[in-house]
>>> print(open('start-v4.tsv').read())   # TSV, C-alpha atoms
chain	number	residue	atom	x	y	z
O	1396	MET	CA	0.91	-3.51	38.01
O	1397	VAL	CA	3.12	-1.80	35.40
O	1398	ASN	CA	1.48	1.14	33.67
O	1399	PRO	CA	1.27	0.82	29.87
O	1400	THR	CA	3.64	2.91	27.78
O	1401	GLN	CA	2.10	6.06	26.36
O	1402	ALA	CA	1.85	6.26	22.56
O	1403	ILE	CA	0.82	9.24	20.45
O	1404	PHE	CA	-0.60	8.08	17.13
O	1405	LEU	CA	-0.21	11.02	14.74
O	1406	THR	CA	-1.94	10.78	11.38
O	1407	LEU	CA	-2.57	13.70	9.03
O	1408	GLY	CA	-4.72	13.11	5.97
O	1409	ILE	CA	-5.16	9.37	6.56
O	1410	TYR	CA	-8.19	8.72	8.75
O	1411	PRO	CA	-7.76	5.62	10.95
O	1412	GLY	CA	-11.39	4.83	11.85
O	1413	GLY	CA	-14.54	3.36	10.34
O	1414	PRO	CA	-14.87	1.49	7.03
O	1415	THR	CA	-11.65	1.86	5.03
O	1416	ARG	CA	-11.59	3.50	1.60
O	1417	SER	CA	-7.94	3.10	0.62
O	1418	ALA	CA	-4.85	1.00	1.27
O	1419	THR	CA	-3.38	3.81	3.38
O	1420	GLU	CA	-6.41	3.67	5.69
O	1421	VAL	CA	-6.05	-0.12	5.95
O	1422	ARG	CA	-2.44	0.45	7.02
O	1423	ALA	CA	-3.39	3.03	9.64
O	1424	GLN	CA	-6.03	0.76	11.16
O	1425	GLN	CA	-3.61	-2.18	11.24
O	1426	ASN	CA	-1.01	-0.08	13.07
O	1427	LEU	CA	-3.59	1.12	15.59
O	1428	ALA	CA	-4.82	-2.42	16.19
O	1429	ALA	CA	-1.25	-3.59	16.83
O	1430	LEU	CA	-0.57	-0.78	19.33
O	1431	ARG	CA	-3.79	-1.62	21.16
O	1432	ALA	CA	-2.96	-5.34	21.20
O	1433	LEU	CA	0.45	-4.49	22.67
O	1434	ASN	CA	-1.32	-2.56	25.46
O	1435	TYR	CA	-0.09	0.96	24.73
O	1436	ASP	CA	-1.88	3.88	26.33
O	1437	LEU	CA	-3.01	5.48	23.07
O	1438	THR	CA	-3.88	9.04	22.14
O	1439	ILE	CA	-4.87	9.50	18.50
O	1440	VAL	CA	-4.08	12.86	16.92
O	1441	THR	CA	-5.95	13.36	13.66
O	1442	PRO	CA	-8.00	15.92	11.73
O	1443	PRO	CA	-11.78	15.31	11.74
O	1444	ASP	CA	-13.07	12.91	9.12
O	1445	PRO	CA	-15.17	14.74	6.48
O	1446	ALA	CA	-17.28	11.58	6.17
O	1447	GLY	CA	-17.94	11.46	9.92
O	1448	ARG	CA	-16.67	7.92	10.45
O	1449	PRO	CA	-16.35	6.83	14.09
O	1450	LEU	CA	-13.06	6.55	15.96
O	1451	VAL	CA	-12.75	4.73	19.28
O	1452	GLY	CA	-10.45	5.85	22.12
O	1453	LYS	CA	-8.78	9.09	23.23
O	1454	VAL	CA	-8.79	11.44	20.26
O	1455	VAL	CA	-7.30	14.92	19.86
O	1456	LEU	CA	-8.59	16.69	16.75
O	1457	VAL	CA	-6.25	19.00	14.86
O	1458	GLU	CA	-6.37	21.13	11.74
O	1459	PRO	CA	-6.07	19.15	8.46
O	1460	PRO	CA	-2.96	19.59	6.29
O	1461	PRO	CA	-3.22	22.60	3.97
O	1462	ILE	CA	-1.81	20.64	1.03
O	1463	ASN	CA	-1.05	17.04	0.04
O	1464	ASP	CA	2.19	17.63	-1.85
O	1465	PHE	CA	5.40	16.18	-0.46
O	1466	VAL	CA	7.72	18.96	-1.59
O	1467	ARG	CA	5.49	21.99	-1.05
O	1468	MET	CA	4.37	20.76	2.38
O	1469	HIS	CA	7.93	21.33	3.62
O	1470	ALA	CA	7.39	25.08	3.17
O	1471	ARG	CA	4.22	25.20	5.30
O	1472	TRP	CA	6.14	26.26	8.41
O	1473	ARG	CA	3.20	27.74	10.31
O	1474	TYR	CA	1.08	24.60	10.06
O	1475	ARG	CA	4.01	22.32	10.87
O	1476	ARG	CA	4.92	24.39	13.94
O	1477	LYS	CA	1.33	24.34	15.19
O	1478	ILE	CA	1.03	20.54	14.96
O	1479	ARG	CA	4.49	20.05	16.45
O	1480	ARG	CA	3.56	22.09	19.53
O	1481	GLN	CA	0.27	20.24	20.00
O	1482	VAL	CA	1.97	16.84	19.85
O	1483	ALA	CA	4.83	17.97	22.12
O	1484	GLN	CA	2.30	18.93	24.81
O	1485	LEU	CA	0.91	15.37	24.74
O	1486	ALA	CA	4.27	13.57	24.76
O	1487	VAL	CA	4.94	14.06	28.46
O	1488	GLY	CA	8.07	11.91	28.89
O	1489	PRO	CA	11.05	10.35	27.08
O	1490	ASP	CA	9.41	6.91	27.17
O	1491	THR	CA	6.45	8.10	25.13
O	1492	ILE	CA	6.30	6.72	21.60
O	1493	ILE	CA	5.32	9.12	18.82
O	1494	PHE	CA	3.98	6.91	16.05
O	1495	CYS	CA	3.86	8.82	12.73
O	1496	GLU	CA	1.54	7.49	10.06
O	1497	HIS	CA	3.04	8.38	6.67
O	1498	TRP	CA	5.30	11.31	5.70
O	1499	ALA	CA	3.03	14.24	6.64
O	1500	ALA	CA	2.91	13.06	10.25
O	1501	LEU	CA	6.69	12.61	10.46
O	1502	LEU	CA	7.21	16.03	8.91
O	1503	CYS	CA	5.04	17.68	11.59
O	1504	ALA	CA	6.20	15.62	14.58
O	1505	PRO	CA	8.49	17.10	17.24
O	1506	ARG	CA	12.03	15.85	17.73
O	1507	HIS	CA	11.89	12.98	20.20
O	1508	PRO	CA	14.00	9.93	21.16
O	1509	ARG	CA	11.16	7.50	20.29
O	1510	VAL	CA	9.76	8.54	16.94
O	1511	VAL	CA	8.38	5.60	14.93
O	1512	TYR	CA	7.71	6.12	11.23
O	1513	SER	CA	5.12	4.09	9.34
O	1514	PHE	CA	6.76	4.20	5.90
O	1515	HIS	CA	4.47	3.63	2.91
O	1516	ASP	CA	6.63	4.60	-0.09
O	1517	PHE	CA	9.67	6.48	-1.22
O	1518	GLU	CA	7.84	9.66	-2.18
O	1519	SER	CA	10.76	10.74	-4.38
O	1520	ASN	CA	10.24	7.57	-6.47
O	1521	LEU	CA	6.48	8.00	-6.67
O	1522	ILE	CA	6.88	11.57	-7.91
O	1523	LYS	CA	8.90	10.25	-10.85
O	1524	VAL	CA	6.42	7.45	-11.64
O	1525	ARG	CA	3.48	9.87	-11.65
O	1526	ARG	CA	5.35	12.34	-13.84
O	1527	LEU	CA	6.47	9.73	-16.37
O	1528	ARG	CA	2.87	8.48	-16.72
O	1529	LYS	CA	2.04	11.79	-18.39
O	1530	SER	CA	4.47	11.03	-21.23
O	1531	SER	CA	5.61	14.63	-21.36
O	1532	SER	CA	9.22	15.68	-21.78
O	1533	VAL	CA	11.58	15.62	-18.81
O	1534	THR	CA	13.38	18.97	-18.58
O	1535	TRP	CA	16.27	20.10	-16.41
O	1536	LYS	CA	13.70	21.72	-14.13
O	1537	THR	CA	11.97	18.34	-13.76
O	1538	ARG	CA	15.23	16.66	-12.80
O	1539	ALA	CA	16.07	19.46	-10.36
O	1540	TYR	CA	12.66	18.99	-8.73
O	1541	TRP	CA	13.30	15.25	-8.45
O	1542	GLY	CA	16.65	15.97	-6.85
O	1543	LEU	CA	15.02	18.30	-4.34
O	1544	ALA	CA	12.40	15.68	-3.45
O	1545	ASP	CA	15.11	13.07	-2.92
O	1546	TRP	CA	17.14	15.40	-0.68
O	1547	LEU	CA	14.09	16.37	1.39
O	1548	GLU	CA	13.16	12.73	1.88
O	1549	ARG	CA	16.66	11.76	2.95
O	1550	ARG	CA	16.68	14.57	5.50
O	1551	LEU	CA	13.22	13.64	6.78
O	1552	LEU	CA	14.08	9.97	7.27
O	1553	HIS	CA	16.86	10.84	9.73
O	1554	LYS	CA	14.16	12.16	12.08
O	1555	ALA	CA	12.78	8.64	12.69
O	1556	LYS	CA	14.35	6.37	15.31
O	1557	ARG	CA	12.46	3.27	14.15
O	1558	VAL	CA	10.88	2.59	10.76
O	1559	ILE	CA	8.08	0.15	9.92
O	1560	SER	CA	8.12	-0.48	6.16
O	1561	VAL	CA	5.23	-1.96	4.20
O	1562	SER	CA	7.67	-3.25	1.58
O	1563	ALA	CA	10.43	-5.83	2.07
O	1564	SER	CA	12.55	-4.44	-0.78
O	1565	GLU	CA	12.21	-0.87	0.49
O	1566	ALA	CA	13.07	-2.05	4.01
O	1567	ILE	CA	16.40	-3.25	2.60
O	1568	LYS	CA	17.00	0.14	0.95
O	1569	LEU	CA	16.12	1.96	4.16
O	1570	HIS	CA	18.65	-0.13	6.07
O	1571	ASP	CA	21.44	-0.06	3.50
O	1572	LYS	CA	21.18	3.57	2.32
O	1573	PHE	CA	19.83	5.35	5.39
O	1574	TYR	CA	21.07	3.02	8.16
O	1575	ALA	CA	17.51	2.88	9.51
O	1576	VAL	CA	16.43	0.49	12.24
O	1577	VAL	CA	13.64	-1.01	10.17
O	1578	GLU	CA	11.14	-3.88	10.20
O	1579	TYR	CA	9.21	-5.15	7.18
O	1580	ILE	CA	5.53	-5.52	8.08
O	1581	PRO	CA	3.09	-6.04	5.18
O	1582	THR	CA	-0.35	-4.44	5.15
O	1583	VAL	CA	-3.17	-6.93	5.63
O	1584	PRO	CA	-6.88	-6.05	5.94
O	1585	LEU	CA	-7.97	-6.76	9.53
O	1586	ALA	CA	-11.14	-8.58	8.50
O	1587	GLN	CA	-10.30	-12.19	7.70
O	1588	PRO	CA	-11.55	-13.14	4.22
O	1589	VAL	CA	-14.33	-15.67	4.02
O	1590	VAL	CA	-14.01	-17.92	0.99
O	1591	ALA	CA	-17.50	-18.22	-0.40
O	1592	GLU	CA	-16.93	-21.51	-2.19
O	1593	LYS	CA	-14.37	-24.17	-2.97
O	1594	PHE	CA	-12.39	-24.36	-6.18
O	1595	LYS	CA	-14.49	-25.28	-9.19
O	1596	ALA	CA	-13.20	-26.08	-12.65
O	1597	GLY	CA	-14.34	-23.68	-15.34
O	1598	PRO	CA	-13.27	-20.86	-17.65
O	1599	LEU	CA	-10.37	-18.74	-16.42
O	1600	ARG	CA	-11.51	-15.44	-14.94
O	1601	LEU	CA	-9.05	-12.53	-14.80
O	1602	TRP	CA	-9.65	-9.56	-12.51
O	1603	LEU	CA	-8.42	-5.98	-12.52
O	1604	TYR	CA	-8.96	-5.17	-8.84
O	1605	GLY	CA	-8.36	-2.03	-6.81
O	1606	SER	CA	-9.07	1.67	-6.52
O	1607	SER	CA	-8.21	3.94	-9.43
O	1608	GLY	CA	-6.84	6.42	-6.89
O	1609	ALA	CA	-3.69	4.29	-6.46
O	1610	THR	CA	-0.80	5.20	-8.76
O	1611	SER	CA	0.11	1.52	-9.24
O	1612	ASN	CA	-3.41	0.72	-10.49
O	1613	LYS	CA	-3.27	3.59	-12.99
O	1614	VAL	CA	0.06	2.25	-14.28
O	1615	ILE	CA	-1.35	-1.30	-14.47
O	1616	LEU	CA	-4.31	-0.14	-16.56
O	1617	ASP	CA	-1.96	1.83	-18.86
O	1618	HIS	CA	0.08	-1.35	-19.36
O	1619	LEU	CA	-3.01	-3.43	-20.11
O	1620	VAL	CA	-4.22	-0.93	-22.69
O	1621	ASP	CA	-0.85	-0.45	-24.38
O	1622	LYS	CA	0.53	-3.97	-24.42
O	1623	LEU	CA	-0.69	-6.81	-22.23
O	1624	PHE	CA	-4.42	-7.09	-22.94
O	1625	GLU	CA	-3.91	-7.88	-26.62
O	1626	LEU	CA	-1.52	-10.70	-25.68
O	1627	LEU	CA	-3.91	-12.06	-23.04
O	1628	SER	CA	-7.00	-11.98	-25.21
O	1629	SER	CA	-5.10	-13.76	-27.98
O	1630	ALA	CA	-3.64	-16.42	-25.67
O	1631	LEU	CA	-6.88	-16.89	-23.69
O	1632	PRO	CA	-9.81	-16.84	-26.13
O	1633	GLY	CA	-12.18	-18.45	-23.62
O	1634	ALA	CA	-11.25	-16.29	-20.61
O	1635	GLU	CA	-13.48	-13.74	-18.89
O	1636	PHE	CA	-12.14	-10.28	-17.98
O	1637	HIS	CA	-13.63	-8.52	-14.94
O	1638	GLN	CA	-13.00	-5.28	-13.03
O	1639	ALA	CA	-13.79	-4.51	-9.37
O	1640	GLY	CA	-13.07	-1.32	-7.43
O	1641	SER	CA	-13.76	2.39	-7.84
O	1642	TYR	CA	-12.63	3.57	-11.28
O	1643	GLN	CA	-13.82	7.19	-11.55
O	1644	THR	CA	-10.35	8.74	-11.34
O	1645	TYR	CA	-8.85	6.87	-14.28
O	1646	ASP	CA	-8.31	8.95	-17.43
O	1647	ALA	CA	-11.56	9.34	-19.39
O	1648	ASP	CA	-10.28	7.39	-22.40
O	1649	LYS	CA	-9.10	4.56	-20.12
O	1650	ILE	CA	-12.53	4.33	-18.47
O	1651	GLU	CA	-14.13	3.99	-21.89
O	1652	TRP	CA	-11.61	1.29	-22.85
O	1653	LEU	CA	-12.27	-0.54	-19.59
O	1654	ARG	CA	-16.01	-0.61	-20.22
O	1655	GLN	CA	-15.47	-2.00	-23.70
O	1656	HIS	CA	-13.12	-4.84	-22.72
O	1657	PHE	CA	-14.02	-5.78	-19.10
O	1658	HIS	CA	-17.15	-6.65	-17.16
O	1659	VAL	CA	-17.09	-3.52	-14.96
O	1660	HIS	CA	-18.46	-4.13	-11.44
O	1661	GLY	CA	-17.15	-0.94	-9.79
O	1662	PHE	CA	-16.90	-0.69	-6.02
O	1663	VAL	CA	-18.34	-3.65	-4.09
O	1664	ASP	CA	-18.82	-3.89	-0.33
O	1665	ASP	CA	-18.18	-7.65	-0.21
O	1666	PRO	CA	-15.70	-9.01	-2.79
O	1667	THR	CA	-16.54	-12.60	-1.80
O	1668	THR	CA	-19.74	-12.18	-3.80
O	1669	LEU	CA	-17.57	-11.88	-6.93
O	1670	PHE	CA	-14.23	-13.66	-6.40
O	1671	ARG	CA	-13.72	-17.42	-6.61
O	1672	PRO	CA	-10.72	-19.59	-5.67
O	1673	GLY	CA	-8.61	-20.06	-8.79
O	1674	ASP	CA	-9.45	-16.65	-10.28
O	1675	ILE	CA	-6.52	-14.54	-11.50
O	1676	CYS	CA	-5.75	-11.12	-10.01
O	1677	LEU	CA	-3.90	-9.13	-12.65
O	1678	MET	CA	-0.95	-7.19	-11.19
O	1679	PRO	CA	1.29	-6.40	-14.16
O	1680	TYR	CA	3.15	-3.60	-12.38
O	1681	GLN	CA	6.69	-3.10	-13.66
O	1682	GLN	CA	7.84	-0.84	-10.82
O	1683	ASP	CA	9.01	-1.57	-7.29
O	1684	THR	CA	7.21	1.10	-5.27
O	1685	GLY	CA	5.45	0.62	-1.96
O	1686	PHE	CA	3.29	-2.41	-1.32
O	1687	ARG	CA	0.25	-3.85	-3.05
O	1688	THR	CA	-2.21	-4.37	-0.20
O	1689	LYS	CA	-4.37	-6.46	-2.48
O	1690	ILE	CA	-1.76	-9.27	-2.43
O	1691	PRO	CA	-2.57	-10.58	1.09
O	1692	GLU	CA	-6.26	-9.84	0.60
O	1693	VAL	CA	-6.75	-11.82	-2.60
O	1694	CYS	CA	-4.55	-14.65	-1.31
O	1695	GLY	CA	-7.18	-15.05	1.40
O	1696	TYR	CA	-9.82	-15.53	-1.28
O	1697	GLY	CA	-7.74	-18.19	-3.02
O	1698	MET	CA	-7.06	-15.94	-6.00
O	1699	ILE	CA	-3.83	-16.29	-7.96
O	1700	CYS	CA	-1.78	-13.11	-8.34
O	1701	ALA	CA	-0.08	-12.65	-11.72
O	1702	GLY	CA	2.67	-10.15	-12.44
O	1703	TYR	CA	6.37	-9.47	-12.93
O	1704	PRO	CA	9.40	-9.83	-10.61
O	1705	GLU	CA	9.15	-6.09	-9.80
O	1706	THR	CA	5.51	-6.58	-8.80
O	1707	PHE	CA	6.40	-8.96	-6.00
O	1708	ALA	CA	9.75	-7.51	-4.90
O	1709	CYS	CA	7.87	-5.90	-2.01
O	1710	CYS	CA	6.45	-9.22	-0.82
O	1711	PRO	CA	8.88	-12.18	-0.63
O	1712	GLU	CA	6.07	-14.40	0.66
O	1713	MET	CA	4.94	-14.74	-2.97
O	1714	ARG	CA	6.63	-17.53	-4.94
O	1715	ASP	CA	6.12	-18.42	-8.57
O	1716	GLY	CA	4.44	-21.78	-9.04
O	1717	TYR	CA	3.40	-22.04	-5.40
O	1718	ASN	CA	0.96	-19.19	-4.75
O	1719	CYS	CA	1.27	-16.88	-7.78
O	1720	ILE	CA	2.45	-16.50	-11.39
O	1721	ILE	CA	5.60	-14.48	-12.08
O	1722	ALA	CA	6.99	-13.89	-15.57
O	1723	GLU	CA	9.77	-11.70	-16.92
O	1724	THR	CA	7.92	-10.26	-19.92
O	1725	PRO	CA	4.32	-9.59	-21.02
O	1726	ALA	CA	4.55	-12.36	-23.64
O	1727	ALA	CA	5.82	-14.85	-21.05
O	1728	LEU	CA	3.06	-13.82	-18.62
O	1729	ALA	CA	0.38	-14.42	-21.26
O	1730	GLU	CA	1.94	-17.80	-22.10
O	1731	LYS	CA	1.98	-18.87	-18.45
O	1732	MET	CA	-1.67	-17.97	-18.05
O	1733	ALA	CA	-2.55	-19.90	-21.21
O	1734	ASP	CA	-0.89	-22.96	-19.65
O	1735	LEU	CA	-2.84	-22.36	-16.46
O	1736	ALA	CA	-6.15	-22.20	-18.34
O	1737	ASP	CA	-5.49	-25.73	-19.63
O	1738	ASP	CA	-4.40	-27.16	-16.26
O	1739	GLN	CA	-7.21	-27.17	-13.71
O	1740	ALA	CA	-5.11	-29.15	-11.19
O	1741	LEU	CA	-2.40	-26.48	-11.24
O	1742	ARG	CA	-4.97	-23.73	-10.72
O	1743	GLU	CA	-6.32	-25.60	-7.70
O	1744	ARG	CA	-2.80	-26.04	-6.24
O	1745	LEU	CA	-1.96	-22.36	-6.69
O	1746	ALA	CA	-5.25	-21.33	-5.07
O	1747	ALA	CA	-4.54	-23.62	-2.10
O	1748	GLY	CA	-1.01	-22.25	-1.84
O	1749	ALA	CA	-2.34	-18.69	-1.79
O	1750	MET	CA	-4.77	-19.46	1.04
O	1751	GLU	CA	-2.09	-21.26	3.03
O	1752	THR	CA	0.25	-18.26	2.62
O	1753	HIS	CA	-2.47	-16.00	4.00
O	1754	ARG	CA	-3.02	-18.23	7.03
O	1755	ARG	CA	0.68	-18.69	7.78
O	1756	ASP	CA	2.37	-15.42	6.84
O	1757	PHE	CA	-0.34	-12.75	6.87
O	1758	SER	CA	-2.16	-13.56	10.11
O	1759	PHE	CA	-2.45	-10.78	12.70
O	1760	ALA	CA	-0.60	-12.94	15.25
O	1761	ALA	CA	2.40	-13.28	12.91
O	1762	LEU	CA	2.44	-9.54	12.19
O	1763	LEU	CA	2.12	-8.66	15.88
O	1764	GLU	CA	5.45	-10.29	16.69
O	1765	ARG	CA	7.12	-8.01	14.16
O	1766	TYR	CA	5.53	-4.95	15.78
O	1767	ARG	CA	6.67	-6.14	19.21
O	1768	ARG	CA	10.24	-6.49	17.93
O	1769	ILE	CA	10.58	-3.06	16.30
O	1770	LEU	CA	8.85	-1.19	19.14
O	1771	SER	CA	11.20	-2.56	21.80
O	1772	PHE	CA	13.39	0.48	22.42
>>> encode(input="start-v4.tsv", output="structure tokens")
Amino acid sequence: MVNPTQAIFLTLGIYPGGPTRSATEVRAQQNLAALRALNYDLTIVTPPDPAGRPLVGKVVLVEPPPINDFVRMHARWRYRRKIRRQVAQLAVGPDTIIFCEHWAALLCAPRHPRVVYSFHDFESNLIKVRRLRKSSSVTWKTRAYWGLADWLERRLLHKAKRVISVSASEAIKLHDKFYAVVEYIPTVPLAQPVVAEKFKAGPLRLWLYGSSGATSNKVILDHLVDKLFELLSSALPGAEFHQAGSYQTYDADKIEWLRQHFHVHGFVDDPTTLFRPGDICLMPYQQDTGFRTKIPEVCGYGMICAGYPETFACCPEMRDGYNCIIAETPAALAEKMADLADDQALRERLAAGAMETHRRDFSFAALLERYRRILSF
């Protein structure tokens, strides 16, 4: 009998066990499940979970990162050296895989011929998006900082021998600009969604769904407040507007606006108690950063994602008129949803297309083949 290949799963600041609280935790658990399904001999290296969530398997606990800032973390030499030595002691041979979950893990990993990087985002892009949200002036110091972040990320990426990208569009950039050996693997919640009911005709219901901790959700809410909501409410006088997901970290004025214009449900343990096939999931995100984990999830519920071309650049499985609504401008998006409100048959077809996409493209078996391919050194 052939012994399984050893794999060190290094994750710093993203806990991979217990009930998930963020998209990054969903990603970590998916990666772990794939490694287990492929029969790797796993050792998980992670800081303790402050919430005390359980973690199955061989676990080595390490000190948590001193800071969660991409640029400043590069200067924490003592911490990085400490983690690097601990991981190097576990990686006993050249055939060992060191699987790095997100940038902090890759930054602290030792040099090795089989380093695999679970890539979530271009951090240098996210830094710009977060900064521009604040609407403050961009100085030469700001641009110099952005340049430093870009250079640090380019240097860091060369450390990885294989890259698993959550985003299809970013996988292309990784290949073309960094010559990375890369595989696009979307993030899909492990629990298969259970559709509570079949499609029923009725008023159109539009949902703002997701945690306020995600930068993309903050940007989406900004866009709704500034531009899109007025167009939607005018085009859809009979529609219902709902919100689901933690919202405490939105700006205070945005929380107040949300309570005034949406039915606010907050965090819910079981979304199937709220969502119905044919509901709309609002995703008016005009940036191409990372991956929106909610796309596969809500497809499983038979919900219809609505957004812009940039929204779905990360996920080519989504096609306008088959399983989602894609429009070039806010006015066009509102017009398309007004047409949908008047066409119950089209809503039902889009809901069925979304569920079929989830079954065909986002199943664990389909994703596992992609993991098998990229991990074959």
>>> axis_aligned_box(input="start-v4.tsv", around="region 1415-1420 of chain O", padding_each_side="3 Å", output="lines of an AutoDock Vina configuration file")
center_x = -7.5
center_y = 2.4
center_z = 3.2
size_x = 14.3
size_y = 8.8
size_z = 11.1
>>> atom_distance(input="start-v4.tsv", atom1="CA of Thr1406 (chain O)", atom2="CA of His1753 (chain O)")
27.8 Å
>>> atom_distance(input="start-v4.tsv", atom1="CA of Asp1617 (chain O)", atom2="CA of Glu1712 (chain O)")
26.6 Å
>>> closest_residue(input="start-v4.tsv", among="O:Ala1740, O:Leu1405, O:Ala1722, O:Leu1433", to="Ala1596 (chain O)", atoms="all atoms listed in the file")
O:Ala1740
>>> residues_around(input="start-v4.tsv", residues="Val1482 (chain O)", least_positions_apart="5", cutoff="12 Å", atoms="only C-alpha atoms", output="number ranges by chain")
O: 1402-1406, 1438-1441, 1455-1457, 1475-1477, 1487-1488, 1491-1495, 1500-1501, 1503-1507, 1510
>>> residues_around(input="start-v4.tsv", residues="Phe1670 (chain O)", least_positions_apart="6", cutoff="12 Å", atoms="only C-alpha atoms", output="ChimeraX atom specification")
/O:1588-1595,1599-1604,1637-1639,1660,1663,1676,1692-1699,1746
>>> residues_near_point(input="start-v4.tsv", point="(15.7, -0.2, 12.0)", cutoff="9 Å", atoms="only C-alpha atoms", output="ChimeraX atom specification")
/O:1556-1559,1566,1569-1570,1574-1578,1769
>>> atom_distance(input="start-v4.tsv", atom1="CA of Met1750 (chain O)", atom2="CA of Glu1565 (chain O)")
25.2 Å
>>> decode(input="start-v4.tsv", residues="region 1503-1537 of chain O", atoms="C-alpha atoms", output="PDB file, in the first residue's frame")
ATOM      1  CA  CYS O1503       5.470  33.012   6.673  1.00  0.00           C
ATOM      2  CA  ALA O1504       6.049  29.715   4.849  1.00  0.00           C
ATOM      3  CA  PRO O1505       9.568  28.356   4.272  1.00  0.00           C
ATOM      4  CA  ARG O1506      11.030  28.067   0.798  1.00  0.00           C
ATOM      5  CA  HIS O1507      10.061  24.662  -0.563  1.00  0.00           C
ATOM      6  CA  PRO O1508       9.658  22.953  -3.970  1.00  0.00           C
ATOM      7  CA  ARG O1509       5.950  22.222  -3.342  1.00  0.00           C
ATOM      8  CA  VAL O1510       4.378  25.382  -1.990  1.00  0.00           C
ATOM      9  CA  VAL O1511       0.693  25.734  -2.945  1.00  0.00           C
ATOM     10  CA  TYR O1512      -0.939  29.136  -2.532  1.00  0.00           C
ATOM     11  CA  SER O1513      -4.672  29.528  -1.968  1.00  0.00           C
ATOM     12  CA  PHE O1514      -5.107  32.954  -3.579  1.00  0.00           C
ATOM     13  CA  HIS O1515      -8.144  34.976  -2.486  1.00  0.00           C
ATOM     14  CA  ASP O1516      -7.484  38.450  -3.927  1.00  0.00           C
ATOM     15  CA  PHE O1517      -4.883  40.788  -5.290  1.00  0.00           C
ATOM     16  CA  GLU O1518      -4.232  42.605  -2.017  1.00  0.00           C
ATOM     17  CA  SER O1519      -2.712  45.551  -3.897  1.00  0.00           C
ATOM     18  CA  ASN O1520      -6.069  46.036  -5.670  1.00  0.00           C
ATOM     19  CA  LEU O1521      -8.103  45.697  -2.492  1.00  0.00           C
ATOM     20  CA  ILE O1522      -5.971  48.326  -0.763  1.00  0.00           C
ATOM     21  CA  LYS O1523      -6.934  50.795  -3.498  1.00  0.00           C
ATOM     22  CA  VAL O1524     -10.652  49.910  -3.356  1.00  0.00           C
ATOM     23  CA  ARG O1525     -10.757  50.353   0.419  1.00  0.00           C
ATOM     24  CA  ARG O1526      -8.912  53.668   0.212  1.00  0.00           C
ATOM     25  CA  LEU O1527     -11.108  55.079  -2.550  1.00  0.00           C
ATOM     26  CA  ARG O1528     -14.245  54.220  -0.543  1.00  0.00           C
ATOM     27  CA  LYS O1529     -13.215  56.901   1.941  1.00  0.00           C
ATOM     28  CA  SER O1530     -13.507  59.589  -0.758  1.00  0.00           C
ATOM     29  CA  SER O1531     -10.440  61.374   0.539  1.00  0.00           C
ATOM     30  CA  SER O1532      -7.759  62.844  -1.683  1.00  0.00           C
ATOM     31  CA  VAL O1533      -5.113  60.594  -3.228  1.00  0.00           C
ATOM     32  CA  THR O1534      -1.676  62.083  -2.564  1.00  0.00           C
ATOM     33  CA  TRP O1535       1.745  61.129  -3.881  1.00  0.00           C
ATOM     34  CA  LYS O1536       2.298  59.267  -0.610  1.00  0.00           C
ATOM     35  CA  THR O1537      -0.866  57.252  -1.278  1.00  0.00           C
TER      36      THR O1537
END
